[in-house]
Structures are given as C-alpha cells and as structure tokens.
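Below is one structure, written out as structure tokens; the observations come after it.
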Amino acid sequence: MARNGVGARARRKEDSRFLYGEGQYIGDLRFPRMREVAFVRSPVAHARLNAVLVPERLRSAVFTARDLAGVLPLKAVSPLPGFQISEQPPLVVDKIRQVGELIAMCVADTRAEAEDIAAQVALQFDELPAVTDMIEAQKPGAPLVHDTVKGNVYVNVAYDGDVESVAKTAPVKVTRRLRTSRQVMSPIECRGFIAQWDKRLDQLILHGATQFPHVVRSGLAQVLQIPELKIRVVSPDVGGGFGYKAVLAGEEVCLCWLAMRADYPVRWLEDRREMLVANANCREHYYDITAYADRTGKILAFDAKAAVDTGAYSSYPFTAAIEASQVSAILPGPYDIPVYRCTTAAVATNKAPQLPYRGVARPGCCYAMELVVDAIAREIGREPHEVRDVNLVRPEQMPYDNVTDKHFDSGDYPQLLRMAVEAIDVDAVRARQRRGEGDGRLIGLGMSMFSEQTGHGMTADGKRRVLYEQTFARLTPDGRLEIRAGIQSIGQGLETTLAQIGSEILGLDIEDIQVKLGDTELSPYSSGAWGSRGMIWAGGATSQACKELADRVARIGAALLQTEKASVSLRDSCVFGPNGSVSLRAIAQAYYLSPNELPSDIDPRGLEVTNGFSPLRLTGIHTGAAHAAVVAVDPEVGAVEILDYVVAEDAGTLVNPMIVDGQIFGGTAQGIGSALFEQMTFDKQGQPLASTLADYLLPGTAEVPNIRVLHMETPSPYTEFGIKGVGEGGAIGPAAAIANAVNDALRPLQVEITEIPITPRRIVQALAAQRRTD
Amino acid sequence: MKPSRFDFVRPASLNEAARLLGEAGGVAKAIAGSQSLGPMLNLRIAQPELLVDLTSISELTAVTEHRDHVEIGACVTHADIEDGRIPDPSLGLLSFVAGGIAYRAVRNRGTLGGSLAHADPAADWISAIPLLGAELLTQSSRGARVIAAERSMVSSFVTTLEADELIRAIRIPKMSPRSRWGFCKFNQKVGEFAHAVGGILYDPDNRRFRAVLGAIETAPIIVADATTLFAGPFGPDLDKRLDVNAVLALLDAKAVTDEYTRQLAPVALKRAAKQASAS
C-alpha cells in the first residue's frame, strides 16, 4: 500500500472535481423558486440619510431598515481595555458611513431585474465631510465617524518601554515613516449566500461561502434573535477565503431575515464591483519608527507609533481591534529587542471596514520592521543579513518569551537566514551589482524575516481561551473511515491532509477515507479556518479522534484474535496479535453486522468518536521564515522585475509538503501584490477609485516568478506530530523583501521608497523628486 | 452587476445594420467582440435600448489585398492578426501590436474596428493604426465615408464617427520591403492597458518617417514628419538622437501635465526608435 500518512506528498483528493469544473460553489447551486437579491448601496461616504423613496408599485420587492424590525445590529466588541463600541446595522438606519453601505434590499426573479428595481429607489441625504485619512482622522475637530468612538480611535494598543534611557547613549539612530496601502482581498469567488426556510425541519438554512459556518450560525442567532437550533449553515466549495469569508456581514443577515418571511429561497451573489468598492478592504498601516542600535546593528531600543485605517465599522467577529493589537504585539518580529515601545491606533474612517486578510497585520509589521533593519544596515555600512543575524532570537534561547510576551516554542531563525542567504547567493548578487547591467537596469537584493504566531487560541487581551476544535471519526461497516469536521476547506486541501492524519493513525489508504467539512448539521463545533490554525487544531482533533477510534478498534480486534488488548498493535489497517491479524474491515463487519461474534462486554460507544484537541500552549505556535528577492529596476520607467525569489520556511512537521509548497506559492503571489501592484485609492470625499480589476491590479501569472521554497522542519513541542501553521506565512514576507530589494537597487540614486505598492509611478516620482533636490 | 434591459438584433448585412442604427436615433449601440462594451453594459455605464450585433455580417470579416494596400474588415479579431491569418501590409508591426493587447481570451473576441470606434486612449490600435497612415472606411444609412485614421479619434472615447456610423474596414498602405518600424508599450503587468506607447514607422520608398506617442489620456500624437523629433532623417542609432524637449513640447501642446506620463512618453519613443533602427 502506498504510504500516505503524515509527511507524504499525496495528491489532493479534492482536485479532481475542481479540475473538471465540477466544484459546487454558491453560484452553481439551484433551488426551486429561488429569487435573487440586489442591494441599493450608498453612493457617498458620509451622510445623514433622511429618506429612502420606494415607488409604490415596488413596495413589496424592496426592504429597508424600517422593515428589519427585530434584527439587532452587528456588534463586534474587543475585550481590550478602552475599546470604544460601535454598531453596524445590516441596513443603514440614519447615518451613512462608507460608500457602498447597504441601504435597501431588492428582490426579483433575476439579478438584472433586482438591479432594475434598485435603480428606481431614490435616496435623500445630507452629505457630511468624509474622514478619509487615518492621521487626519485623529486630529481634534475631525468629523466623527461614530458618535460613540471618541477621537475616531476604536482602541489604542500600547506597550511601554524606557526608550529614553537608551536613546541618550545609543550610537546609531534611524527614523522611518512608512505606509502600506489599502488593499482588496481578491478570492476568485466573491462572497455569496442562499437563504431559505425548511418547513419540515422548521429551520433556516443558509448556504454560504464561509470559512467558519459555526461562527456564522452563532452570529446569526444573535442578530436574528432565534435559537441556534433553528439555523443550519452549509458552506459548499469555497473559491478562496483569505479572511474575506471569515466575517458575518449585513448581506447575509438581510437574506436570512427575508427567507424567514418569504416562501422562496433567496440568493445574493456578490459581484466584483461590490467586492472592490464596498466590502473587501484590508491592510493600510502607517508607521513612525525610531530604532536605536549599536555599531554592530544590534537593536537597543525600538520606538514606534503606528496607526491602522480600520474603516467605518468593527467587523464581526474579529472586531476593529484585531489589526491594531497585532501591530503592537508582533512588530518585534523574530528579534531579541530589549527595549520596546509601541502605540497603535485603530482609526475609524469613512471607508469600508478593514477585514482580516491572510496574515492580518503581519505583512505590514514585517514590512515596517524589515525596512528599519535595512535602514540600520545602511547607516552602519553592513550587509542587511548580518544585521538580522545580530538581532535574531537564537535557537538556544528556545522556548523564548519576547518583549511583548510572545512565546516562541521552537525553531532556528539564524539557520533560516543562512539557508536564504546561501540560496539567493548574496555574494553572486553583489558581484553582479558591481558589474552593472547592459540594459541600464539596477539590480537589488532584499530580504525579510518574520516569526508568525500561528493557530493561537486566546482572546486579544490574552485572558480567555476562546477556541475549540473537535473532529468526528467513524469506522463505517465496510471498514472505511469517515471524518467530519466543522472547519471548512478554502483551498488549502483539508480533505486530503485530514485524511492523511487519519491514515497515519489507522493505517488506511487515504482513498478509503472521506473528509466532510463545513456543515453545522454534520459536524462538531469549530472556530473555523483562519489564523493558520487548520492543521494545528483540526489536524490535532482528527488525530485525537482517530487515536480513540484506534483504541476501540484494537479492543475489538483483540477480542476477535482472542487475546488481550495490551498484546495487539494497529498498523497497515490491521490489528496484529501474537498469533495473527484481523483487518479493520473484518473488525467493522464484526461490530456492525455480526455482533454475535463479539464478547457481550464490548464497548457500547461503538466505532464513532468525537474528540477534540488544543495545543499545550494556547498563545500560538511560532513558525518562522526568511524571504529573499533579487529584482531588476528600470529607472527610466520604474518597472520592477523579480529575477529570483527564495523562501526558507520552518512550518514544523509537514503533513503534506506539496500542499505546503502550494500554500507558500499562493501566499507569496499575494505578497507580491502587496509589494508592487495592489492599492485601493480614495478621493477626498471617500470615493473608492477602482471598481474593476482593470483599475485594481493584481499580479498575474506572468508577474509571479519561480519561487524556490526551502523547508526546515523543527517540530513544535506543543502540537500533534509537531505541526505548525503555514497557511498565511507566504503572504507575510514578500512586501518587505521586495521593498528592501528595490531600495537596494535604487541606493546608487539615493532614493528610498517608503510606501507600498512600489508602482512604476511611485518610483518615477521618487526619482524625479530626488533630481529636483540635487 | 447585470446589464439593464435592451433589445438585440443580429443583422446579416452591413446595409441592414446601418439602417437599424440610423432608425434607432442614437439609442442603439453596435456590438462586435464585446470586450469593451460588454463590461460597460454590465456596469450599466452604457444603457442602450438596442444592441446591433455585427458578428454575422460576412463583409466585416473580409480581408482583401490590393496592389498598394490591404483592406481589413472591421470585425477581424486581434487574434486573427496576431496569428497571421490575414495578409500583412506592415512587415510584422500589426501582429506585434496585436499580440500585446490584453489577454489571449480578449484577443480571440476583440475586433480591430471595435477598438478604433471605442477609442480608449490607453488602447493599442488607436496608436498603431494612425502610425501606419491608415484610413477608416465607414458606412451609415447616409452613405460611405473615408476618414484618415489620425483624424478619427478626437479625445478620450470621442471620435468623429457619427452615432449611427459603422467602421466597415481599415485600409492600410503596404510598407515597402526596406521599411523599418518600432513599437514600444509600457504597462506594469501583462494584459494591462498601456501607461505609455511610442511608435516609429520608416518607409523610404514611400518617403514616410512617422512617429506616434500614445496612452496620453487623449488622442495619440501623430508626428507625420519625425525628422523634427530626431534632428534629421532616419538612420542608425536613431534612439540616441531623440530630442526629448521636442517630445515634451508636443505633450505641452496636448496639455499633458502628469509627471509620470511625461517621463515615460519620451522613453517609449526612444525605445521604439532603438527597435526600428537596430541593425
């Protein structure tokens, strides 16, 4: 039998249906008498809504906030001290706070007809001055986005340290002001939902593209004020998540409300324009950093003031605090920083709420920290990788608690750095730079490192354990394994990797294991797929459930072999005793179909198990990586080509190295988007300036280079098999590595870019500004 | 989004199409490859009451070769040109430009005439076709016209075509065998609209030395006598002779003030000149 347990490069079980175009997404589902919804959305960013005028003949097809009596506003409250609470009504009640905000729901037989209706709904409003910049928003006298959010700051997250005492004597001081642009997370499939009421089960059924069906169910029960028993959430195939499908928002609340009253299913399928303009906003940080170092580049103190543009609402369930709290906590990265001070403000603005995109705040933190490390290296005239090495947490310090109390469980960061330095061949790149290029382009080398807290299980205040994960495992009467988990696969291959864990423990081929995901009715409760937690938590729970199942199987096997349980072992899908073996199939058949062959005291709990797992430490499992990029910059037109890209990654024990590579490739592609392409800009009135993918640029196949991935496997002491999280890592490093590479290339021209994405326009303008100062 | 309601007709002849457009009195739009109009319909930026589909009119996909020119039907696709399925009057310039348009899926459907009629300033043909000294042969219910390509586009999305007037074909003069060309388009990613376009055409036998500066947010600048930009006639190392100030003066005349465009435009022309004059 082919070995396809933990560590096997097994082919993905789910790919057949995807490759044949037979996946089932929300857009593929059809229910009898299903109708379609289009929303009337706000055309302005900030206004008092005075009236929604619906033509009388359309009254039965249009629903406004007034109709949604009994539906509570969404309220995502962070436990962090000082968090200022705001509410997000599913439909605007009196105040518009962003372009694209939901004002009315229109229903018709087709989406086009629903849009026709929406076009006939008129709005009366008084526009208010819009708050569009996170720095301006904090100034006294700035218009308030929410009356309840004083100073437009949802929360300030601060760490204090005695920077001043170091500052007096530190020989090296560098200061940088850095910005990352607002991005739009862009899964191929936008959001979409179908809501209907099942009269037989007396239950609301919501089919939705979501990363966490159980969390959606809990949220809906709250705002709709009905028991969770009355709600089933089913997530069919999900065409990319990236955090965009880890929210509960107004559209699905409205849809459910309507389905509870209408005798037909209703669907809303988000289109790309809605996604870009109204919904999928993320990133956008500002950093003002001063670092103090000695002459070797060792950081003595790090002083940061940061802001994140959190937008108009505290999105459910991750709140308006998630990004800011992570910025302050994660900025120190993989470095041993003795003195640290940072305040990060989560700022309310009249833009779409900031949602938790792959890596959440980490790509921004990594970008900020790593640009400062390179700035220190330039200041003291050392190779940037040498400065990194001076500051990295050493393997002999593990486990290590850093300056923000992050607990590094294991790993070897200097080794990751050496792997990347060697693979990218720093010396060869430097030699090439000295030679120069025939075409006039400038070569640059950039690196970045980070420590990623994956699969954590605590609230932001570190006080409460909030997460659970269980798996249900059943040996079927024909001796195959059924695994059900409440997490959902959003492209990361859980139908394969959870089967590999089952295979590892029960010895079955993964072809004889089926994994069923994403349905609240069929699975134990799950916090869902986010935070690089899937394999740590759901993989761990699957391991626990299968181990318990193995134990029960061994008991029955021992009975069939007429021996003691202590004398049997399970391997290759058979139970072996001292004098023979019996297959799992024979055991299952005996248990279900011929129990007369078994002793009467056999365990009545049967061959079905639900068991759970949480890591031995809930503060996260720390994964690390080093990224290295070589770029060529055309200074005449600002073009950047990535010539080489290396990722050295420690994700602990790899369950399926091929799938891990895929995660890193995809994440790196998205990081290249952050570095060079993606930005959602706004005018002074808060109008988003891109509404199609012709205006909002994503990297395409031609813009993503061959990415060389090197693995180091340091098992975590706190998880099953030593697994660490890896879903987000790829997206964290590229912006920093590429920005450092571009700045390395532009160094002879004395230009340093401090804002991403580094577009041709940004390079050309920076060079022109430099020429003017010459 | 989905389009608002419209009627749809697919006439079989050019005269029928011209009649339908004429009778509609401005509420109709002609549609061919639907690669630009399609998204505009979906976004409801365009809300015509009638769409006149030109894809069943065989004369619009006809290509005829004549002694000194080739006439390309307006509904010939970018991919037809890219793949060399039609006679080439341009020593490869047309297929080079065609291969750089958007993505293959767009090129399979998008048409030459449609792109010229749409007149997106960042598109490719609106720069390349006037560079070649081509003419647009048009048809409306009032009759036929011939419009010099360089006088067709007025500004961003505005042409001298009447609302009910169709481009029937594009007449492109044949370049003599000794001709040289260069064409340089900058964009940040494959498939994106151009940030800058520069083109050079040199045809000694027909005494033509032309240049184009495109993707300048308005109609491209056609320079009928490019000696003014290069301080003299076509020759080796042409790129080294580019007079950047002369280029900037042309941009000034079109009120192009964007710093980025002003940096890129001369570079695009310089690189086109290098391509054209490379030995």
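Note on naming: chains are A, B, ... as they come in the structure tokens, residues start from 1 per chain, ligands start from 1 in the order shown.
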
Members of stretch 125-187 of chain A assigned helix (DSSP H, G or I) by DSSP, as number ranges by chain: A: 136-138, 150-152, 163-167

Show me, as CSV, the residues of chain B having an atom within 6 Å of chain A, each with the closest atom pair and its distance in Å, using only C-alpha atoms.
```
residue,atom,partner,partner_atom,distance
B:Lys2,CA,A:Ala112,CA,5.0
B:Tyr260,CA,A:Arg761,CA,5.9
B:Leu264,CA,A:Val637,CA,5.8
```

Top pick for closest residue to B:Ile81, considering B:Leu37, B:Val97, B:Ile147, B:Leu161 and counting only C-alpha atoms: B:Val97

Expected answer as a count of residues only: strand (DSSP E or B) residues in stretch 2-249 of chain B: 72

Within 6 Å of stretch 210-218 of chain A using only C-alpha atoms, minus same-chain residues under 5 positions, as a list in words: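 The filter keeps Val233, Ser235, Lys245, Ala246, Gln488, Thr520, Gly528 and Ala529 of chain A.
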
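One finds atom CA of A:Gly673 at 11.1 Å from atom CA of B:Lys189.
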
Neighbour list for A:Tyr287 as a list of chain:residue names, cut-off 10 Å, only C-alpha atoms, skip fewer than 4 positions in-chain: A:Arg176, A:Arg177, A:Leu178, A:Arg179, A:Thr180, A:Ala304, A:Lys305, A:Ala306, A:Ala307, A:Val308, A:Val327, A:Cys342, A:Thr343, A:Thr344, A:Gly364, A:Cys365, A:Ala368, A:Met369

Could you turn the residues from that selection into a file that holds N, CA, C and O atoms, as a PDB file, in the first residue's frame?
```pdb
ATOM      1  N   ARG A 176      12.161  56.159  10.373  1.00  0.00           N
ATOM      2  CA  ARG A 176      11.458  55.990   9.096  1.00  0.00           C
ATOM      3  C   ARG A 176       9.962  56.190   9.306  1.00  0.00           C
ATOM      4  O   ARG A 176       9.404  55.742  10.311  1.00  0.00           O
ATOM      5  N   ARG A 177       9.335  56.819   8.326  1.00  0.00           N
ATOM      6  CA  ARG A 177       7.867  56.875   8.280  1.00  0.00           C
ATOM      7  C   ARG A 177       7.432  56.030   7.082  1.00  0.00           C
ATOM      8  O   ARG A 177       7.882  56.281   5.960  1.00  0.00           O
ATOM      9  N   LEU A 178       6.626  55.058   7.364  1.00  0.00           N
ATOM     10  CA  LEU A 178       6.309  54.050   6.348  1.00  0.00           C
ATOM     11  C   LEU A 178       4.796  53.884   6.217  1.00  0.00           C
ATOM     12  O   LEU A 178       4.068  53.986   7.209  1.00  0.00           O
ATOM     13  N   ARG A 179       4.393  53.589   4.993  1.00  0.00           N
ATOM     14  CA  ARG A 179       2.962  53.376   4.757  1.00  0.00           C
ATOM     15  C   ARG A 179       2.729  52.129   3.915  1.00  0.00           C
ATOM     16  O   ARG A 179       3.517  51.830   3.029  1.00  0.00           O
ATOM     17  N   THR A 180       1.653  51.448   4.222  1.00  0.00           N
ATOM     18  CA  THR A 180       1.190  50.389   3.329  1.00  0.00           C
ATOM     19  C   THR A 180      -0.192  50.785   2.836  1.00  0.00           C
ATOM     20  O   THR A 180      -0.973  51.380   3.580  1.00  0.00           O
ATOM     21  N   ALA A 304       7.939  52.933  18.338  1.00  0.00           N
ATOM     22  CA  ALA A 304       7.051  53.010  17.174  1.00  0.00           C
ATOM     23  C   ALA A 304       5.721  53.646  17.542  1.00  0.00           C
ATOM     24  O   ALA A 304       5.190  53.432  18.636  1.00  0.00           O
ATOM     25  N   LYS A 305       5.241  54.419  16.605  1.00  0.00           N
ATOM     26  CA  LYS A 305       3.877  54.921  16.702  1.00  0.00           C
ATOM     27  C   LYS A 305       3.209  54.506  15.406  1.00  0.00           C
ATOM     28  O   LYS A 305       3.693  54.819  14.327  1.00  0.00           O
ATOM     29  N   ALA A 306       2.137  53.771  15.558  1.00  0.00           N
ATOM     30  CA  ALA A 306       1.513  53.216  14.350  1.00  0.00           C
ATOM     31  C   ALA A 306       0.031  53.530  14.327  1.00  0.00           C
ATOM     32  O   ALA A 306      -0.567  53.886  15.352  1.00  0.00           O
ATOM     33  N   ALA A 307      -0.528  53.433  13.156  1.00  0.00           N
ATOM     34  CA  ALA A 307      -1.980  53.566  13.006  1.00  0.00           C
ATOM     35  C   ALA A 307      -2.431  52.591  11.937  1.00  0.00           C
ATOM     36  O   ALA A 307      -1.684  52.294  11.004  1.00  0.00           O
ATOM     37  N   VAL A 308      -3.612  52.069  12.128  1.00  0.00           N
ATOM     38  CA  VAL A 308      -4.220  51.270  11.065  1.00  0.00           C
ATOM     39  C   VAL A 308      -5.547  51.913  10.711  1.00  0.00           C
ATOM     40  O   VAL A 308      -6.280  52.377  11.580  1.00  0.00           O
ATOM     41  N   VAL A 327      -0.450  44.647  15.434  1.00  0.00           N
ATOM     42  CA  VAL A 327       0.685  45.503  15.080  1.00  0.00           C
ATOM     43  C   VAL A 327       1.578  45.716  16.299  1.00  0.00           C
ATOM     44  O   VAL A 327       2.778  45.477  16.266  1.00  0.00           O
ATOM     45  N   CYS A 342       5.547  50.862  21.758  1.00  0.00           N
ATOM     46  CA  CYS A 342       4.732  50.985  20.547  1.00  0.00           C
ATOM     47  C   CYS A 342       3.294  51.311  20.935  1.00  0.00           C
ATOM     48  O   CYS A 342       2.739  50.706  21.853  1.00  0.00           O
ATOM     49  N   THR A 343       2.727  52.251  20.236  1.00  0.00           N
ATOM     50  CA  THR A 343       1.297  52.512  20.361  1.00  0.00           C
ATOM     51  C   THR A 343       0.694  52.421  18.976  1.00  0.00           C
ATOM     52  O   THR A 343       1.215  53.022  18.034  1.00  0.00           O
ATOM     53  N   THR A 344      -0.370  51.656  18.868  1.00  0.00           N
ATOM     54  CA  THR A 344      -1.057  51.561  17.585  1.00  0.00           C
ATOM     55  C   THR A 344      -2.511  51.956  17.774  1.00  0.00           C
ATOM     56  O   THR A 344      -3.196  51.430  18.660  1.00  0.00           O
ATOM     57  N   GLY A 364       2.259  43.906   7.177  1.00  0.00           N
ATOM     58  CA  GLY A 364       2.590  45.307   7.432  1.00  0.00           C
ATOM     59  C   GLY A 364       3.696  45.431   8.472  1.00  0.00           C
ATOM     60  O   GLY A 364       4.645  46.201   8.312  1.00  0.00           O
ATOM     61  N   CYS A 365       3.577  44.653   9.568  1.00  0.00           N
ATOM     62  CA  CYS A 365       4.608  44.685  10.623  1.00  0.00           C
ATOM     63  C   CYS A 365       5.955  44.258  10.066  1.00  0.00           C
ATOM     64  O   CYS A 365       6.994  44.865  10.353  1.00  0.00           O
ATOM     65  N   ALA A 368       7.430  46.964   7.967  1.00  0.00           N
ATOM     66  CA  ALA A 368       7.952  48.091   8.746  1.00  0.00           C
ATOM     67  C   ALA A 368       9.261  47.713   9.441  1.00  0.00           C
ATOM     68  O   ALA A 368      10.264  48.423   9.351  1.00  0.00           O
ATOM     69  N   MET A 369       9.237  46.583  10.139  1.00  0.00           N
ATOM     70  CA  MET A 369      10.431  46.165  10.879  1.00  0.00           C
ATOM     71  C   MET A 369      11.608  45.927   9.932  1.00  0.00           C
ATOM     72  O   MET A 369      12.735  46.375  10.174  1.00  0.00           O
TER      73      MET A 369
END
```

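Picture a line from atom CA of A:Ser503 to atom CA of A:Tyr468; it runs 23.1 Å.
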
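Considering the residues B:Glu49, B:Asp124, B:Glu82, B:Glu259 and counting only C-alpha atoms, B:Cys184 has its shortest atom-to-atom contact with B:Asp124.
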
Nearby residues (only C-alpha atoms) at most 10 Å from stretch 219-222 of chain B, same-chain spacing under 2 positions excluded, as an NGL selection string: :B and (119-122 or 126-128 or 130-131 or 133 or 150-159 or 197-199 or 210-217 or 224-226 or 247 or 250-251 or 253-254)

Atoms kept (N, CA, C and O atoms) for selection, written as a short mmCIF file (atom, residue, chain, number, x, y, z; two decimals), in the first residue's frame:
```
data_model
loop_
_atom_site.label_atom_id
_atom_site.label_comp_id
_atom_site.auth_asym_id
_atom_site.auth_seq_id
_atom_site.Cartn_x
_atom_site.Cartn_y
_atom_site.Cartn_z
N ALA B 119 -12.19 53.87 -28.96
CA ALA B 119 -11.26 54.98 -28.73
C ALA B 119 -10.84 55.18 -27.28
O ALA B 119 -10.85 56.28 -26.75
N ASP B 120 -10.47 54.07 -26.64
CA ASP B 120 -9.86 54.17 -25.31
C ASP B 120 -8.44 54.70 -25.51
O ASP B 120 -7.65 54.11 -26.26
N PRO B 121 -8.08 55.80 -24.86
CA PRO B 121 -6.75 56.39 -25.12
C PRO B 121 -5.59 55.47 -24.74
O PRO B 121 -4.48 55.66 -25.24
N ALA B 122 -5.83 54.50 -23.86
CA ALA B 122 -4.74 53.61 -23.45
C ALA B 122 -4.73 52.32 -24.25
O ALA B 122 -3.96 51.42 -23.97
N ILE B 126 -5.45 52.40 -31.47
CA ILE B 126 -5.65 53.84 -31.72
C ILE B 126 -4.32 54.55 -31.93
O ILE B 126 -4.27 55.63 -32.51
N SER B 127 -3.24 53.93 -31.49
CA SER B 127 -1.91 54.49 -31.77
C SER B 127 -1.30 53.84 -33.02
O SER B 127 -0.72 54.53 -33.86
N ALA B 128 -1.42 52.53 -33.13
CA ALA B 128 -0.70 51.82 -34.20
C ALA B 128 -1.31 52.08 -35.58
O ALA B 128 -0.58 52.24 -36.57
N PRO B 130 -3.10 54.73 -36.85
CA PRO B 130 -2.72 56.03 -37.45
C PRO B 130 -1.23 56.09 -37.80
O PRO B 130 -0.86 56.74 -38.78
N LEU B 131 -0.40 55.44 -37.02
CA LEU B 131 1.04 55.42 -37.33
C LEU B 131 1.26 54.87 -38.74
O LEU B 131 2.12 55.34 -39.48
N GLY B 133 -0.57 55.24 -41.21
CA GLY B 133 -1.17 56.07 -42.25
C GLY B 133 -2.42 55.45 -42.84
O GLY B 133 -2.73 55.62 -44.02
N GLU B 150 -5.74 59.08 -38.44
CA GLU B 150 -5.20 60.03 -37.47
C GLU B 150 -6.16 61.17 -37.18
O GLU B 150 -5.96 61.93 -36.25
N ARG B 151 -7.21 61.28 -37.98
CA ARG B 151 -8.21 62.32 -37.69
C ARG B 151 -9.51 61.71 -37.13
O ARG B 151 -10.50 62.40 -36.98
N SER B 152 -9.49 60.42 -36.86
CA SER B 152 -10.70 59.76 -36.38
C SER B 152 -10.94 60.01 -34.89
O SER B 152 -11.99 60.41 -34.45
N MET B 153 -9.90 59.80 -34.11
CA MET B 153 -10.07 59.98 -32.66
C MET B 153 -9.84 61.43 -32.29
O MET B 153 -8.86 62.05 -32.70
N VAL B 154 -10.76 61.96 -31.48
CA VAL B 154 -10.70 63.36 -31.09
C VAL B 154 -10.11 63.50 -29.69
O VAL B 154 -9.20 64.29 -29.44
N SER B 155 -10.63 62.71 -28.79
CA SER B 155 -10.14 62.71 -27.41
C SER B 155 -10.60 61.41 -26.78
O SER B 155 -11.11 60.53 -27.47
N SER B 156 -10.43 61.32 -25.47
CA SER B 156 -10.75 60.08 -24.77
C SER B 156 -12.18 59.62 -25.08
O SER B 156 -13.15 60.33 -24.75
N PHE B 157 -12.31 58.48 -25.70
CA PHE B 157 -13.61 57.87 -26.06
C PHE B 157 -14.45 58.72 -27.00
O PHE B 157 -15.65 58.52 -27.10
N VAL B 158 -13.84 59.67 -27.67
CA VAL B 158 -14.59 60.52 -28.61
C VAL B 158 -13.93 60.42 -29.99
O VAL B 158 -12.72 60.59 -30.12
N THR B 159 -14.77 60.12 -31.01
CA THR B 159 -14.26 60.05 -32.38
C THR B 159 -15.13 60.93 -33.28
O THR B 159 -16.15 61.46 -32.85
N VAL B 197 2.88 54.63 -24.90
CA VAL B 197 3.11 53.97 -26.19
C VAL B 197 3.98 54.89 -27.04
O VAL B 197 3.73 56.09 -27.11
N GLY B 198 5.00 54.30 -27.65
CA GLY B 198 5.78 55.05 -28.63
C GLY B 198 5.92 54.21 -29.88
O GLY B 198 6.11 52.99 -29.78
N GLY B 199 5.79 54.81 -31.03
CA GLY B 199 5.92 54.06 -32.28
C GLY B 199 6.67 54.84 -33.34
O GLY B 199 6.61 56.08 -33.38
N ARG B 210 7.38 58.44 -39.75
CA ARG B 210 6.31 58.88 -38.85
C ARG B 210 6.58 58.40 -37.43
O ARG B 210 7.31 57.44 -37.21
N ALA B 211 5.93 59.06 -36.50
CA ALA B 211 6.05 58.65 -35.09
C ALA B 211 4.70 58.81 -34.41
O ALA B 211 3.86 59.60 -34.85
N VAL B 212 4.51 58.07 -33.35
CA VAL B 212 3.29 58.23 -32.54
C VAL B 212 3.65 58.19 -31.06
O VAL B 212 4.54 57.46 -30.64
N LEU B 213 2.94 59.02 -30.30
CA LEU B 213 3.01 58.99 -28.84
C LEU B 213 1.59 58.72 -28.35
O LEU B 213 0.68 59.51 -28.61
N GLY B 214 1.43 57.60 -27.68
CA GLY B 214 0.07 57.22 -27.28
C GLY B 214 -0.07 57.01 -25.79
O GLY B 214 0.88 57.18 -25.03
N ALA B 215 -1.29 56.65 -25.39
CA ALA B 215 -1.64 56.44 -23.97
C ALA B 215 -1.38 57.70 -23.17
O ALA B 215 -0.77 57.68 -22.11
N ILE B 216 -1.86 58.82 -23.70
CA ILE B 216 -1.64 60.11 -23.02
C ILE B 216 -2.98 60.69 -22.55
O ILE B 216 -3.13 61.91 -22.42
N GLU B 217 -3.94 59.84 -22.29
CA GLU B 217 -5.24 60.24 -21.76
C GLU B 217 -6.08 61.03 -22.75
O GLU B 217 -7.12 61.57 -22.39
N ALA B 224 3.76 63.37 -38.36
CA ALA B 224 3.84 62.93 -39.76
C ALA B 224 5.26 63.05 -40.30
O ALA B 224 5.66 62.31 -41.19
N ASP B 225 6.02 63.98 -39.74
CA ASP B 225 7.41 64.14 -40.16
C ASP B 225 8.30 64.02 -38.93
O ASP B 225 8.53 64.99 -38.21
N ALA B 226 8.79 62.80 -38.70
CA ALA B 226 9.51 62.54 -37.45
C ALA B 226 10.92 63.12 -37.45
O ALA B 226 11.61 63.06 -36.43
N VAL B 247 9.75 66.27 -27.74
CA VAL B 247 8.65 65.40 -27.30
C VAL B 247 7.83 66.11 -26.22
O VAL B 247 6.59 66.12 -26.26
N LEU B 250 5.49 68.61 -27.58
CA LEU B 250 4.27 68.01 -28.13
C LEU B 250 3.28 67.69 -27.01
O LEU B 250 2.07 67.90 -27.15
N LEU B 251 3.82 67.20 -25.89
CA LEU B 251 2.94 66.89 -24.75
C LEU B 251 2.36 68.17 -24.16
O LEU B 251 1.18 68.22 -23.78
N ALA B 253 1.63 70.79 -25.79
CA ALA B 253 0.58 71.25 -26.71
C ALA B 253 -0.73 70.49 -26.48
O ALA B 253 -1.81 71.00 -26.77
N LYS B 254 -0.61 69.28 -25.96
CA LYS B 254 -1.82 68.50 -25.65
C LYS B 254 -2.20 68.61 -24.18
O LYS B 254 -3.02 67.85 -23.67
#
```
